[in-house]
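Chemist: Let me begin by handing over the structure; questions about it come next.
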Number of protein chains: 2
Amino acid sequence: MNNTIIAKFGGSSLSNGEQFKKVKDIVLSNPDIKVVVPSAPGKNEDEKHKVTDLLLMCHQLGSHKLNFEEVFNIVRRRYLDIKNELDLDLDIEKEMDLIDEEFKKGRDQSYFASRGEYLNGKLLADYLGFKFLDAQEVIRITNGKPDMEKSMELIAEKIGPEDYVVVPGFYGLNEKGKIETFSRGGSDISGSILAAGMNAEKYENWTDVSGFYIADPKIVGAGLPMATVTYKELRELSYMGAPVLHEDAIFPIKALGIPIQILNTNSPEDPGTMILPDETAEDSKSVITGIAGKKDFTVIRVEKVYMSEDLSFYRRMMSIFESNEINVEHMPTSIDTVSFVVPTVQIEGKESKITGEISIYCDPDDIVVTKGMAIIAVVGRGMVSAKGTSALLFSALAEEGVNIRMISQGSGEMNIIIGVENEDFEKAIKGIYKKFQKENKI
Amino acid sequence: MNNTIIAKFGGSSLSNGEQFKKVKDIVLSNPDIKVVVPSAPGKNEDEKHKVTDLLLMCHQLGSHKLNFEEVFNIVRRRYLDIKNELDLDLDIEKEMDLIDEEFKKGRDQSYFASRGEYLNGKLLADYLGFKFLDAQEVIRITNGKPDMEKSMELIAEKIGPEDYVVVPGFYGLNEKGKIETFSRGGSDISGSILAAGMNAEKYENWTDVSGFYIADPKIVGAGLPMATVTYKELRELSYMGAPVLHEDAIFPIKALGIPIQILNTNSPEDPGTMILPDETAEDSKSVITGIAGKKDFTVIRVEKVYMSEDLSFYRRMMSIFESNEINVEHMPTSIDTVSFVVPTVQIEGKESKITGEISIYCDPDDIVVTKGMAIIAVVGRGMVSAKGTSALLFSALAEEGVNIRMISQGSGEMNIIIGVENEDFEKAIKGIYKKFQKENKI
């Protein structure tokens, strides 16, 4: 590990000249920031479209043999506006003409999509005085996934320890030698690969929020961002629907233990959220790191006396879910009953088939199917050691009058899973958040 | 259903003449008590052995060709003491001589064991002025289980609506025409079969306690008995180790919805515990009906990222437990982890085989095996409607400083399952009991 910092800037951080200036201030204020990864220009007050969306529209029009020049002209104008506002000399017009020519040759969707980052990278490198290094040179993709081995080799080869470079995010070169974009996580993945390749000290991920929210601000109001969160907590919150970094963006640096810092380009002094490897994470002062959840689960409650003495019962039940391609998310057990919690969308139309198969193969005393359950995960590595967390959690729900339909917590877990009615979802999250905040446990 | 009441008296209720007098007072005070089912004389302050244990000892001695007269003389003396104290004319001496002769012929264990109830029934019938009806006449056993169809036929045939009879408990006639005893539940089962056969209004089960305790008195001190409990709650508490009626004793009358009342021969005015069919059970005023639990479970915690998206994961896991003959009692899930809770006694010696198989067939990221967990079930039909039960429960545990290692509650359940360290078992039960008692929710 060395002092190198990788700084990735999201689309809103680079949506116009004014934002570029903020980025320059941030980057130049820290000489350790040696690799900058830009997204394509995003939306802002004046601009209603992301450049990438416009480029995809160009591709769509082109693939129907329709004229896309009008749309591409908006893209042109976006980059020219930035160039002019920043008073740059770079011949971005020529770059855009070349791309226009390629477009007309009928290039594939990935190529179209990737040009937003490419052009933004060109402008940003010029503006920062950094070297532009095309992602094609260093990011390799095999079978749709980052090819870490090849990418790390190329990064070591092409970026020297004293280099200052801009590498556009979102794309790389695949095993066929063609440009390919990442399906999910976009530029976040590029930044993570570069951080891994450089064995960076830190991966800064600059956005338009001052970190990850503890709970959905649409539910709890403008809340607090998490100070620290571990990879693992993040994975759990992400799985439960919290809008955080996608797992794919964490994977490349997870094994190396490189921390990620989520920062706000518009408020660079804010401490943001630090994502830490599980091993090195200091003990959290807060008990709860985050609260997230999803609606629309179905509960299949199966009752069978002496269930747990029937050695093959669960295997038979699970074979039924497997053959019907249903993912069982939770299965809280009671005495003689087990509730299988599955996504409603997966069971729709298969209900009577599945209950029929359970009746035939598992001989239950009763089967009850109930829809409309929401699942909430309360996640926090501080929960393992903090006693009384469950008490506080269930007090919060009792005070809000929320009916608890399911509870699941395993051994040594840093989360509690609760099931509530769909209509109690927001009330429950709000209640938990408020309670833990009041008790200074967030 | 008619007004008939079946009254079964346990061994301590019939251990000597003094106890017989109490039984007579109880039986004759209620003309609806038409069928009385006695156990064999049990222990009391003066008598250190149950008659049935003495009879089994006789059988054991006899089967080794040893002299059992000395032991049988204790049995003789027990019945003669009762006869003399109650000043009865019945020639019980002749009955005992006949039995002695049969014993010497080398009869099987069931025959020996059944004679305690037989002789006690003879004495009690004489004392009450009821007709003695041998269990051989009305109780049929097929494949070791009550033969309800045949027994009910015989009961209808042999016991008229105006008859007052004593039928000894514990035994009947099997499909081979031989006397057979019930393996578990003993005379409780006989009483239940007779209640079913008579379509009784109530089955009174007279013991030496004033009902079932809400929690183990050895843990919470002389506590309160339950006022009412449903068949289902009882099954749950019994499964979790509470000393209540065995399922086999409830089965015969369950379908008919006949209530069972647990009463105290030594304190007949106490209301006791009423066991009600689930369907007719009035809403309980108390939230918790009972607390029970068992120690010595092992948790096998398996971690696997994207577990629930792997359709065959659980089926493969369950096949491993099945082939190793392990009963999975609970399996609380978290995100990417599931904890399989199994009885430690079942996994002993198989641990490395099982974790090895999980590694090979399920490709987990991590497996952790932890022993020494106790499971506590808090049971109460009032819990389904009462909000705030979980809050109260977990507050109680937090106040006692109990670390919660597992929670499981399914949809619409009338119980919560929690896992705690073995050493916290008593503390947890005591804490929960105290808390709910304080809040008037017991």
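To be explicit about the labels: the chains of the structure tokens are called A, B, and onward in the order shown, and within each one the residues are counted from 1, while ligands get numbers from 1 in the order they are shown.
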Show me, as a PyMOL selection string, the residues that have an atom within 7 Å of segment 308-320 of chain B when counting only C-alpha atoms, minus same-chain residues fewer than 2 positions from it.
Modeler: (chain A and resi 314-315+318-319+322+325-329) or (chain B and resi 306+322-324+357-358+361-362)
Chemist: Skipping near chain neighbours, those fewer than 2 positions away, what residues fall within 10 Å of segment 335-340 of chain A using only C-alpha atoms, listed as a PyMOL selection string?
Modeler: (chain A and resi 297-309+314+317-318+321+327-333+342+364-369+406) or (chain B and resi 232-233+235-237+239-240+329-331+377+379+408-417)
Chemist: Choose the residue, out of B:Ile253, B:Ile360, B:Ile92, B:Leu234, that has the smallest atom-to-atom separation from chain A; count only C-alpha atoms.
Modeler: B:Leu234
Chemist: Going by DSSP on the backbone, which bits of segment 165-236 of chain A are helix (DSSP H, G or I)? Write them as a PyMOL selection string, please.
Modeler: chain A and resi 187-197+217-220+231-236
Chemist: Only N, CA, C and O atoms, please: the residues just picked out, written as a tab-separated table (two decimals), in the first residue's frame.
Modeler:
chain	number	residue	atom	x	y	z
A	187	SER	N	-19.06	3.48	-13.30
A	187	SER	CA	-17.73	4.03	-13.03
A	187	SER	C	-17.22	3.67	-11.64
A	187	SER	O	-16.01	3.69	-11.41
A	188	ASP	N	-18.15	3.36	-10.72
A	188	ASP	CA	-17.71	2.94	-9.38
A	188	ASP	C	-16.79	1.73	-9.47
A	188	ASP	O	-15.85	1.58	-8.70
A	189	ILE	N	-17.11	0.84	-10.41
A	189	ILE	CA	-16.30	-0.36	-10.60
A	189	ILE	C	-14.93	0.00	-11.15
A	189	ILE	O	-13.91	-0.49	-10.67
A	190	SER	N	-14.91	0.90	-12.14
A	190	SER	CA	-13.62	1.32	-12.72
A	190	SER	C	-12.71	1.87	-11.64
A	190	SER	O	-11.52	1.52	-11.57
A	191	GLY	N	-13.26	2.74	-10.80
A	191	GLY	CA	-12.47	3.34	-9.72
A	191	GLY	C	-11.92	2.28	-8.79
A	191	GLY	O	-10.76	2.34	-8.34
A	192	SER	N	-12.76	1.28	-8.51
A	192	SER	CA	-12.36	0.22	-7.59
A	192	SER	C	-11.24	-0.63	-8.18
A	192	SER	O	-10.28	-0.99	-7.50
A	193	ILE	N	-11.34	-0.91	-9.49
A	193	ILE	CA	-10.30	-1.70	-10.16
A	193	ILE	C	-8.98	-0.94	-10.14
A	193	ILE	O	-7.91	-1.49	-9.85
A	194	LEU	N	-9.07	0.37	-10.41
A	194	LEU	CA	-7.84	1.18	-10.42
A	194	LEU	C	-7.24	1.27	-9.01
A	194	LEU	O	-6.02	1.23	-8.85
A	195	ALA	N	-8.10	1.38	-7.99
A	195	ALA	CA	-7.60	1.43	-6.62
A	195	ALA	C	-6.88	0.13	-6.28
A	195	ALA	O	-5.82	0.14	-5.64
A	196	ALA	N	-7.45	-0.98	-6.74
A	196	ALA	CA	-6.82	-2.28	-6.50
A	196	ALA	C	-5.49	-2.35	-7.25
A	196	ALA	O	-4.46	-2.75	-6.68
A	197	GLY	N	-5.51	-1.94	-8.52
A	197	GLY	CA	-4.30	-2.01	-9.36
A	197	GLY	C	-3.17	-1.16	-8.81
A	197	GLY	O	-2.00	-1.52	-8.91
A	217	PRO	N	-34.00	8.85	3.31
A	217	PRO	CA	-34.44	10.21	3.67
A	217	PRO	C	-35.90	10.47	3.26
A	217	PRO	O	-36.57	11.29	3.87
A	218	LYS	N	-36.37	9.75	2.26
A	218	LYS	CA	-37.78	9.91	1.86
A	218	LYS	C	-38.70	9.43	2.98
A	218	LYS	O	-39.85	9.84	3.06
A	219	ILE	N	-38.19	8.57	3.84
A	219	ILE	CA	-38.99	8.06	4.97
A	219	ILE	C	-38.71	8.81	6.26
A	219	ILE	O	-39.63	9.23	6.96
A	220	VAL	N	-37.43	9.01	6.58
A	220	VAL	CA	-37.11	9.60	7.89
A	220	VAL	C	-36.75	11.08	7.81
A	220	VAL	O	-36.42	11.69	8.82
A	231	TYR	N	-17.60	-3.24	4.81
A	231	TYR	CA	-17.99	-3.87	3.54
A	231	TYR	C	-19.22	-4.74	3.75
A	231	TYR	O	-20.13	-4.77	2.96
A	232	LYS	N	-19.16	-5.49	4.86
A	232	LYS	CA	-20.19	-6.47	5.10
A	232	LYS	C	-21.55	-5.83	5.42
A	232	LYS	O	-22.58	-6.25	4.91
A	233	GLU	N	-21.51	-4.81	6.26
A	233	GLU	CA	-22.75	-4.09	6.56
A	233	GLU	C	-23.33	-3.52	5.28
A	233	GLU	O	-24.54	-3.53	5.06
A	234	LEU	N	-22.43	-3.00	4.45
A	234	LEU	CA	-22.86	-2.39	3.21
A	234	LEU	C	-23.53	-3.42	2.30
A	234	LEU	O	-24.56	-3.15	1.68
A	235	ARG	N	-22.94	-4.58	2.25
A	235	ARG	CA	-23.52	-5.67	1.44
A	235	ARG	C	-24.93	-5.98	1.95
A	235	ARG	O	-25.85	-6.17	1.17
A	236	GLU	N	-25.10	-6.03	3.27
A	236	GLU	CA	-26.40	-6.36	3.84
A	236	GLU	C	-27.42	-5.26	3.53
A	236	GLU	O	-28.55	-5.54	3.14
Chemist: Given only C-alpha atoms as the basis, pick out the residue of B:Gln437, B:Glu421, B:Lys430, B:Asn403 nearest to chain A.
Modeler: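 With only C-alpha atoms as the atom set, the closest residue is B:Asn403.
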Chemist: Could you pull out the strand (DSSP E) residues of segment 177-412 of chain A from DSSP and send them as a ChimeraX atom specification?
Modeler: /A:179-181,202-207,228-230,260-264,273-276,290-303,337-343,366-379,404-409
